[in-house]
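Source file: entry-v1.txt. Holds: compact mmCIF, C-alpha atoms.
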# COMPACT_ATOMS: atom_id res chain seq x y z
CA MET A 1 129.14 119.17 54.79
CA GLY A 2 125.55 118.87 53.56
CA ARG A 3 125.49 115.12 54.12
CA LYS A 4 126.61 115.55 57.75
CA CYS A 5 123.89 118.14 58.36
CA ILE A 6 121.21 115.77 56.98
CA CYS A 7 122.48 112.91 59.21
CA VAL A 8 122.42 115.13 62.30
CA THR A 9 118.92 116.33 61.49
CA VAL A 10 117.65 112.76 60.99
CA PHE A 11 119.33 111.66 64.23
CA TRP A 12 117.65 114.43 66.26
CA ALA A 13 114.30 113.74 64.59
CA ILE A 14 114.50 110.07 65.65
CA VAL A 15 115.57 110.95 69.21
CA SER A 16 112.78 113.50 69.64
CA THR A 17 110.21 111.07 68.21
CA LEU A 18 111.29 108.37 70.65
CA ALA A 19 111.25 110.82 73.55
CA LEU A 20 107.75 112.01 72.72
CA ALA A 21 106.51 108.45 72.21
CA THR A 22 107.78 107.30 75.60
CA CYS A 23 106.35 110.35 77.35
CA SER A 24 102.89 109.82 75.94
CA ALA A 25 103.00 106.09 76.69
CA GLY A 26 103.94 106.75 80.31
CA MET A 27 101.18 109.28 80.82
CA GLY A 28 98.55 106.85 79.55
CA ARG A 29 99.66 104.17 81.98
CA SER A 30 99.66 106.49 84.96
CA ASN A 31 96.23 107.84 84.07
CA GLN A 32 94.96 104.29 83.73
CA ARG A 33 96.41 103.43 87.15
CA ILE A 34 94.81 106.50 88.72
CA LEU A 35 91.42 105.68 87.19
CA SER A 36 91.72 102.06 88.34
CA GLY A 37 92.49 103.22 91.90
CA LEU A 38 89.55 105.61 91.87
CA LYS A 39 87.26 102.82 90.69
CA ASN A 40 88.34 100.57 93.57
CA ASP A 41 88.04 103.41 96.06
CA SER A 42 84.52 104.24 94.90
CA ILE A 43 83.44 100.58 95.20
CA VAL A 44 84.93 100.34 98.68
CA ARG A 45 83.45 103.70 99.69
CA GLN A 46 80.02 102.57 98.52
CA ALA A 47 80.33 99.24 100.37
CA VAL A 48 81.42 100.60 103.76
CA GLY A 49 79.99 104.09 103.69
CA ASP A 50 81.59 107.48 103.37
CA SER A 51 82.31 108.11 107.06
CA ILE A 52 83.96 104.72 107.63
CA PHE A 53 85.99 105.02 104.41
CA THR A 54 87.22 108.48 105.41
CA LEU A 55 88.17 107.28 108.89
CA ILE A 56 90.06 104.27 107.51
CA SER A 57 91.85 106.22 104.80
CA LYS A 58 92.85 109.17 107.02
CA ALA A 59 93.49 107.46 110.35
CA LYS A 60 96.37 108.82 112.41
CA ILE A 61 96.87 105.62 114.42
CA VAL A 62 96.47 102.10 113.05
CA GLU A 63 96.94 99.24 115.46
CA MET A 64 97.00 95.55 114.53
CA SER A 65 96.29 92.92 117.17
CA LEU A 66 96.26 89.16 117.31
CA LEU A 67 93.33 87.91 119.35
CA THR A 68 93.19 84.70 121.31
CA ALA A 69 90.24 82.58 122.23
CA PRO A 70 89.03 83.23 125.80
CA GLN A 71 89.49 79.58 126.74
CA ASP A 72 93.13 79.52 125.54
CA SER A 73 95.20 80.13 128.67
CA LEU A 74 98.62 79.67 127.00
CA ALA A 75 98.22 82.12 124.14
CA LYS A 76 99.10 85.76 124.54
CA SER A 77 97.63 88.75 122.78
CA GLU A 78 100.01 90.80 120.70
CA SER A 79 99.48 94.30 119.41
CA ILE A 80 101.60 96.62 117.26
CA LYS A 81 101.20 100.10 115.82
CA LEU A 82 101.77 100.27 112.09
CA ASN A 83 104.10 102.83 110.55
CA ARG A 84 103.29 104.77 107.40
CA SER A 85 104.65 102.22 104.91
CA GLU A 86 102.92 99.33 106.69
CA ARG A 87 99.65 101.29 106.65
CA GLY A 88 100.08 101.78 102.91
CA ILE A 89 100.49 98.05 102.35
CA LEU A 90 97.53 97.32 104.61
CA GLY A 91 95.37 99.81 102.73
CA PHE A 92 96.31 98.20 99.43
CA VAL A 93 95.47 94.72 100.77
CA LEU A 94 92.16 95.80 102.30
CA CYS A 95 90.94 97.59 99.17
CA ASP A 96 90.70 94.34 97.21
CA ILE A 97 87.14 94.68 95.91
CA ARG A 98 86.55 90.92 96.17
CA ASN A 99 86.42 91.36 99.96
CA PHE A 100 83.41 93.70 99.69
CA GLN A 101 81.18 91.75 97.32
CA SER A 102 79.45 89.06 99.35
CA ASN A 103 78.27 87.93 102.76
CA ASP A 104 77.31 84.29 102.37
CA THR A 105 75.69 82.46 105.28
CA VAL A 106 78.04 80.17 107.17
CA TYR A 107 77.19 77.97 110.11
CA GLY A 108 79.86 78.71 112.62
CA LYS A 109 80.57 81.17 115.38
CA PHE A 110 82.43 84.30 114.35
CA GLN A 111 85.60 84.37 116.46
CA PRO A 112 88.08 86.95 115.20
CA THR A 113 91.74 86.06 115.19
CA LEU A 114 92.97 89.44 113.94
CA ARG A 115 91.84 92.97 114.75
CA ILE A 116 92.76 96.26 113.13
CA THR A 117 91.85 99.43 114.97
CA TYR A 118 91.75 102.79 113.19
CA LYS A 119 91.85 105.98 115.26
CA ARG A 120 91.43 109.54 114.06
CA LYS A 121 90.71 112.35 116.47
CA MET A 122 87.87 110.98 118.63
CA GLN A 123 86.67 108.45 116.05
CA ILE A 124 87.45 104.73 116.23
CA CYS A 125 86.68 101.98 113.74
CA ILE A 126 87.47 98.32 114.35
CA LEU A 127 87.91 95.63 111.71
CA ASN A 128 87.73 92.03 112.96
CA PHE A 129 88.89 89.09 110.85
CA ASP A 130 87.97 85.44 111.39
CA MET A 131 90.46 83.66 109.15
CA GLY A 132 88.95 80.25 109.90
CA LEU A 133 85.44 81.16 108.71
CA GLY A 134 86.73 83.46 106.01
CA LYS A 135 84.65 86.38 107.30
CA TRP A 136 85.37 89.89 108.50
CA ASN A 137 83.32 92.70 109.97
CA ILE A 138 83.42 96.40 110.66
CA CYS A 139 82.47 97.58 114.15
CA ASP A 140 82.14 100.92 115.86
CA LYS A 141 84.09 101.83 118.99
CA ASN A 142 81.55 100.01 121.19
CA GLY A 143 81.92 96.77 119.26
CA VAL A 144 78.56 97.00 117.49
CA GLU A 145 78.79 95.35 114.09
CA LEU A 146 78.08 97.72 111.20
CA ARG A 147 78.92 95.53 108.20
CA ARG A 148 80.07 91.95 107.53
CA TYR A 149 81.67 90.48 104.42
CA ASP A 150 83.35 87.34 103.13
CA LEU A 151 87.13 87.32 103.10
CA GLU A 152 87.83 86.17 99.54
CA ALA A 153 91.54 86.88 99.29
CA TYR A 154 94.02 85.77 101.93
CA ASN A 155 96.55 88.54 101.33
CA LEU A 156 95.70 89.94 104.75
CA LEU A 157 96.75 86.64 106.29
CA ARG A 158 100.10 86.98 104.50
CA PHE A 159 100.44 90.53 105.82
CA ALA A 160 99.61 89.36 109.36
CA CYS A 161 102.24 86.65 109.02
CA MET A 162 104.74 89.31 107.99
CA MET A 163 103.83 91.50 110.96
CA PHE A 164 103.77 88.64 113.49
CA PRO A 165 106.39 86.17 112.20
CA GLU A 166 106.71 84.29 115.53
CA ASP A 167 103.01 83.51 115.86
CA GLU A 168 102.55 79.78 115.25
CA PHE A 169 98.79 79.93 114.66
CA ILE A 170 99.00 82.53 111.87
CA ASN A 171 101.91 80.68 110.22
CA GLU A 172 100.10 77.33 110.30
CA LEU A 173 96.88 78.91 109.05
CA LEU A 174 98.77 80.45 106.13
CA LYS A 175 100.27 77.06 105.24
CA THR A 176 96.82 75.43 105.14
CA MET A 177 95.21 78.10 102.95

Kindly transcribe the structure held in the file into structure tokens.
Amino acid sequence: MGRKCICVTVFWAIVSTLALATCSAGMGRSNQRILSGLKNDSIVRQAVGDSIFTLISKAKIVEMSLLTAPQDSLAKSESIKLNRSERGILGFVLCDIRNFQSNDTVYGKFQPTLRITYKRKMQICILNFDMGLGKWNICDKNGVELRRYDLEAYNLLRFACMMFPEDEFINELLKTM
């Protein structure tokens, strides 16, 4: 009887030790993830400004549009409204801090191929992306450029390809990158 009691006690000691070890390990990882997210958010907030960051992060309507060159008579403009999960993916892709670190001089005309419009109450913010030049900018509702950056990561191009799978230009551009 005494031997059985000792075995049961040792068993429960091992189980409780494992349970406590896994709980503390999980909490450390989630705290690390939260701190990492806050670091990225603070870098992005500093790069674009508090009012733009708030508008982008709390927008009620997010619309993604493919833009065509004015001289292209065969192409058509497409536009879709993003649902909540798509907005989450877009936010994750846009908050890549590499996209906010530089604005190198390039010798070419900025012609956006993709536009994302954020709307919240009466505020509007427009993000234009020129995938060919590898540049993007932030504009107000009148189209006045507020900031411009280099597009270092092409995850947004992958997202655009996912949202517009029939668009030949986006698909071919993704293949060449």

Applying 9 Å and all atoms listed in the file, which residues near Gly91 of chain A remain after dropping the ones on its own chain fewer than 5 positions away? List them as a CSV table (one decimal) with C-alpha atoms, in the coordinates of the input.
chain,number,residue,atom,x,y,z
A,56,ILE,CA,90.1,104.3,107.5
A,57,SER,CA,91.8,106.2,104.8
A,86,GLU,CA,102.9,99.3,106.7

- Measuring atom to atom with only C-alpha atoms, identify which of A:Leu66, A:Cys125, A:Lys58, A:Asp104 is nearest to Arg148 of chain A. A:Asp104

- Distance query Gly88 of chain A at most 12 Å, only C-alpha atoms, self and fewer than 4 positions along chain excluded, as a list in words: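 Counting only the stated atoms, we get Ile56, Ser57, Lys58, Ala59, Val62, Leu82, Asn83, Arg84, Phe92, Val93, Leu94, Cys95 and Phe159 of chain A.
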
- If you measure from atom CA of Lys60 of chain A to atom CA of Asp130 of chain A, what distance in Å do you get, rounded to one decimal?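 Atom CA of Asp130 of chain A lies 24.9 Å from atom CA of Lys60 of chain A.
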
- For Ile138 of chain A, which residue out of A:Ile97, A:Thr54, A:Val48, A:Met177 is the nearest one, using all atoms listed in the file?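 Closest to Ile138 of chain A of all the choices is A:Val48.
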
- Message: When you look at Arg147 of chain A with a cut-off of 10 Å (counting only C-alpha atoms), what residues show up, excluding the ones that are within fewer than 4 positions of it in the same chain? I need them as a count of residues only.
- Response: 11

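Counting all atoms listed in the file, the residue from A:Arg98, A:Arg45, A:Lys175, A:Arg120 that sits nearest to Ile61 of chain A is A:Arg120.
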
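The gap separating atom CA of Asn128 of chain A from atom CA of Leu146 of chain A is 11.3 Å, in Å to one decimal.
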
- Message: Excluding Met163 of chain A and its own-chain neighbours fewer than 5 positions away, which residues fall within 9 Å of it when counting all atoms listed in the file? Please give them as a PyMOL selection string.
- Response: chain A and resi 64+80+86+158

- Find the spatial neighbours of Phe129 of chain A, counting all atoms listed in the file, within a cut-off of 12 Å - ignore same-chain residues fewer than 3 positions away - and output them as a PyMOL selection string. chain A and resi 64-67+94+99+110-117+126+132-139+148-152+154+156-157+160

- Message: To one decimal place in Å, what is the distance between atom CA of Ile170 of chain A and atom CA of Thr105 of chain A?
- Response: 24.2 Å

- Note on the structure: One residue among A:Val106, A:Leu55, A:Leu174, A:Val144 is nearest to Met131 of chain A when using only C-alpha atoms, and that residue is A:Leu174

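Nearest residue to Asp96 of chain A among A:Asn155, A:Glu78, A:Ile124, A:Gln46 is A:Asn155, counting only C-alpha atoms.
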